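Colleague: So that we are looking at the same thing, I have put the structure below in structure tokens.
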Amino acid sequence: MNINLVCVGQLKEEFWKEAVAEYQKRLQRFCKINIKELSEQNKYQDKNRILFEEGREILENLQGYSILLDIDGKELSSQQLADKLKNIAQQQSTINFIIGGSYGVSDEVKNRADERLSLGKITLPHNLARVVVIEQIYRAFMINSGSKYHK
């Protein structure tokens with residue numbers, strides 16, 4: 001199984017990088033995890049142009065089943081996410097988790113996503129959202145393997 005985190009922007013602070021790297025290391029026994037950091041299109045002033053350019057790059061990096069992180073998406077428990085990933089894996093070899101830029105994502109990306117997942121109604125910095133998502137992916141694999149990690 002391949003899991004891609006398709007993220008607009010890069011992690012700058014070392015503590016975020018370390019947290020993500022730890023979960024990448026843990027996930028190696030379950031899947032191949034790739035993090036695709038895409039360029040923030042902050043060279044443009046127009047929000048629509050930024051969304052278009054970032055969206056174009058996101059779409060170029062999608063293959064397989066795509067889950068968009070979206071505040072208006074469906075909220076799932078960790079157990080529900082584990083069940084969902086298990087079900088998707090029976091039909092797809094690649095799952096993408098999309099984390100958009102500071103303006104969100106274009107309508108084209110929203111329409112391409114197979115579903116939208118919310119981490120809750122709070123707004124998270126993109127760096128923290130990435131750590132939360134990768135931890136939840138790891139937790140899902142641990143749940144599905146019968147581990148006591150998830151209590």
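Convention: chains lettered A, B, ... in structure tokens order; per-chain residue numbering from 1; ligands numbered from 1 as shown.
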Which residues are near Asp107 of chain A? Cut-off 10 Å, only C-alpha atoms, ignore same chain within fewer than 6 positions. Put them as number ranges by chain.
Modeller: A: 51-52, 55, 113
Colleague: Extract the full set of strand (DSSP E or B) residues from chain A according to DSSP on the backbone, and format it as a count of residues only.
Modeller: 37
Colleague: What is the distance, in Å and to one decimal place, between atom CA of Gln91 of chain A and atom CA of Cys31 of chain A?
Modeller: 15.2 Å
Colleague: Which of segment 21-104 of chain A end up as helix (DSSP H, G or I) when DSSP is run on this backbone - answer as number ranges by chain?
Modeller: A: 21-27, 47-60, 78-89
Colleague: Those same residues, written as a tab-separated table (two decimals), in the first residue's frame with N, CA and C atoms?
Modeller:
```tsv
chain	number	residue	atom	x	y	z
A	21	ALA	N	8.84	12.77	10.76
A	21	ALA	CA	9.83	11.72	10.48
A	21	ALA	C	9.64	10.51	11.39
A	22	GLU	N	9.28	10.75	12.64
A	22	GLU	CA	9.05	9.63	13.57
A	22	GLU	C	7.90	8.76	13.09
A	23	TYR	N	6.79	9.38	12.68
A	23	TYR	CA	5.66	8.58	12.20
A	23	TYR	C	5.95	7.95	10.85
A	24	GLN	N	6.73	8.60	10.01
A	24	GLN	CA	7.14	7.97	8.75
A	24	GLN	C	7.91	6.69	9.04
A	25	LYS	N	8.81	6.75	10.01
A	25	LYS	CA	9.62	5.59	10.39
A	25	LYS	C	8.71	4.47	10.92
A	26	ARG	N	7.78	4.82	11.77
A	26	ARG	CA	6.87	3.83	12.34
A	26	ARG	C	5.98	3.18	11.27
A	27	LEU	N	5.61	3.96	10.27
A	27	LEU	CA	4.70	3.46	9.24
A	27	LEU	C	5.38	2.54	8.23
A	47	LYS	N	-5.92	35.77	-5.01
A	47	LYS	CA	-6.28	34.51	-4.34
A	47	LYS	C	-6.72	33.44	-5.34
A	48	ASN	N	-7.51	33.81	-6.33
A	48	ASN	CA	-7.97	32.83	-7.32
A	48	ASN	C	-6.82	32.26	-8.12
A	49	ARG	N	-5.85	33.09	-8.43
A	49	ARG	CA	-4.68	32.60	-9.17
A	49	ARG	C	-3.87	31.65	-8.30
A	50	ILE	N	-3.73	31.98	-7.02
A	50	ILE	CA	-3.01	31.11	-6.09
A	50	ILE	C	-3.71	29.75	-6.01
A	51	LEU	N	-5.03	29.76	-5.82
A	51	LEU	CA	-5.78	28.50	-5.74
A	51	LEU	C	-5.65	27.69	-7.03
A	52	PHE	N	-5.70	28.38	-8.18
A	52	PHE	CA	-5.57	27.70	-9.46
A	52	PHE	C	-4.22	27.03	-9.59
A	53	GLU	N	-3.15	27.77	-9.31
A	53	GLU	CA	-1.78	27.25	-9.47
A	53	GLU	C	-1.50	26.12	-8.48
A	54	GLU	N	-1.88	26.32	-7.22
A	54	GLU	CA	-1.67	25.26	-6.23
A	54	GLU	C	-2.52	24.04	-6.58
A	55	GLY	N	-3.75	24.29	-7.03
A	55	GLY	CA	-4.65	23.19	-7.40
A	55	GLY	C	-4.11	22.39	-8.56
A	56	ARG	N	-3.56	23.07	-9.55
A	56	ARG	CA	-2.98	22.39	-10.71
A	56	ARG	C	-1.86	21.44	-10.26
A	57	GLU	N	-1.01	21.94	-9.36
A	57	GLU	CA	0.09	21.12	-8.87
A	57	GLU	C	-0.41	19.95	-8.01
A	58	ILE	N	-1.42	20.18	-7.20
A	58	ILE	CA	-2.00	19.09	-6.41
A	58	ILE	C	-2.53	18.01	-7.33
A	59	LEU	N	-3.32	18.40	-8.31
A	59	LEU	CA	-3.93	17.43	-9.22
A	59	LEU	C	-2.89	16.61	-9.97
A	60	GLU	N	-1.76	17.22	-10.31
A	60	GLU	CA	-0.69	16.50	-11.00
A	60	GLU	C	-0.08	15.41	-10.12
A	78	SER	N	-11.09	7.73	15.24
A	78	SER	CA	-9.90	6.99	14.82
A	78	SER	C	-10.29	5.58	14.35
A	79	GLN	N	-11.22	4.95	15.03
A	79	GLN	CA	-11.68	3.62	14.63
A	79	GLN	C	-12.35	3.68	13.26
A	80	GLN	N	-13.17	4.68	13.03
A	80	GLN	CA	-13.83	4.82	11.73
A	80	GLN	C	-12.81	5.06	10.62
A	81	LEU	N	-11.77	5.85	10.90
A	81	LEU	CA	-10.73	6.07	9.91
A	81	LEU	C	-9.99	4.77	9.63
A	82	ALA	N	-9.71	3.99	10.66
A	82	ALA	CA	-9.05	2.70	10.46
A	82	ALA	C	-9.90	1.79	9.57
A	83	ASP	N	-11.19	1.73	9.84
A	83	ASP	CA	-12.09	0.91	9.00
A	83	ASP	C	-12.09	1.41	7.57
A	84	LYS	N	-12.14	2.72	7.40
A	84	LYS	CA	-12.17	3.32	6.06
A	84	LYS	C	-10.90	2.97	5.30
A	85	LEU	N	-9.74	3.12	5.92
A	85	LEU	CA	-8.49	2.81	5.24
A	85	LEU	C	-8.41	1.33	4.87
A	86	LYS	N	-8.89	0.48	5.76
A	86	LYS	CA	-8.90	-0.96	5.46
A	86	LYS	C	-9.78	-1.24	4.24
A	87	ASN	N	-10.94	-0.63	4.19
A	87	ASN	CA	-11.86	-0.83	3.06
A	87	ASN	C	-11.30	-0.27	1.76
A	88	ILE	N	-10.73	0.91	1.81
A	88	ILE	CA	-10.15	1.50	0.60
A	88	ILE	C	-9.00	0.62	0.09
A	89	ALA	N	-8.18	0.12	1.01
A	89	ALA	CA	-7.01	-0.69	0.63
A	89	ALA	C	-7.40	-1.97	-0.09
```
Colleague: Pick from A:Arg112, A:Tyr65, A:Arg130, A:Ser102: nearest to Gln90 of chain A, with only C-alpha atoms counted?
Modeller: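 The answer is A:Tyr65, which sits nearest to Gln90 of chain A.
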Colleague: Pick the closest to Ile71 of chain A from A:Leu128, A:Ala19, A:Ile35, A:Ile99: which is it, counting only C-alpha atoms?
Modeller: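 Using only C-alpha atoms, Ile71 of chain A sits closest to A:Ile99.
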Colleague: Quick one: of A:Leu69, A:Val105, A:Ile33, A:Ile95, who's nearest to Val133 of chain A, counting only C-alpha atoms?
Modeller: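 Ranked by minimum distance to Val133 of chain A, first place goes to A:Leu69.
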Colleague: Find the residue from A:Ser118, A:Asn111, A:Ser147, A:Thr94 that sits nearest to Asn2 of chain A; use only C-alpha atoms when measuring.
Modeller: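 Residue with the minimum atom-to-atom distance to Asn2 of chain A: A:Thr94.
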Colleague: A:Asn61, A:Gln136, A:Leu119, A:Met142: which is nearest Asn96 of chain A, counting only C-alpha atoms?
Modeller: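 Closest residue, counting only C-alpha atoms: A:Asn61.
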Colleague: Restricting the calculation to only C-alpha atoms: of A:Tyr103, A:Val20, A:Lys74, A:Lys148, which residue gets closest to Gln45 of chain A?
Modeller: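 Going through A:Tyr103, A:Val20, A:Lys74, A:Lys148 one by one, the smallest distance to Gln45 of chain A is for A:Tyr103.
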Colleague: Between atom CA of Cys7 of chain A and atom CA of Glu37 of chain A, measure the distance and give it in Å to one decimal.
Modeller: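 Spanning atom CA of Cys7 of chain A to atom CA of Glu37 of chain A is a straight-line distance of 5.0 Å.
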Colleague: So how many Å separate atom CA of Lys36 of chain A and atom CA of Phe97 of chain A, to one decimal?
Modeller: 10.2 Å
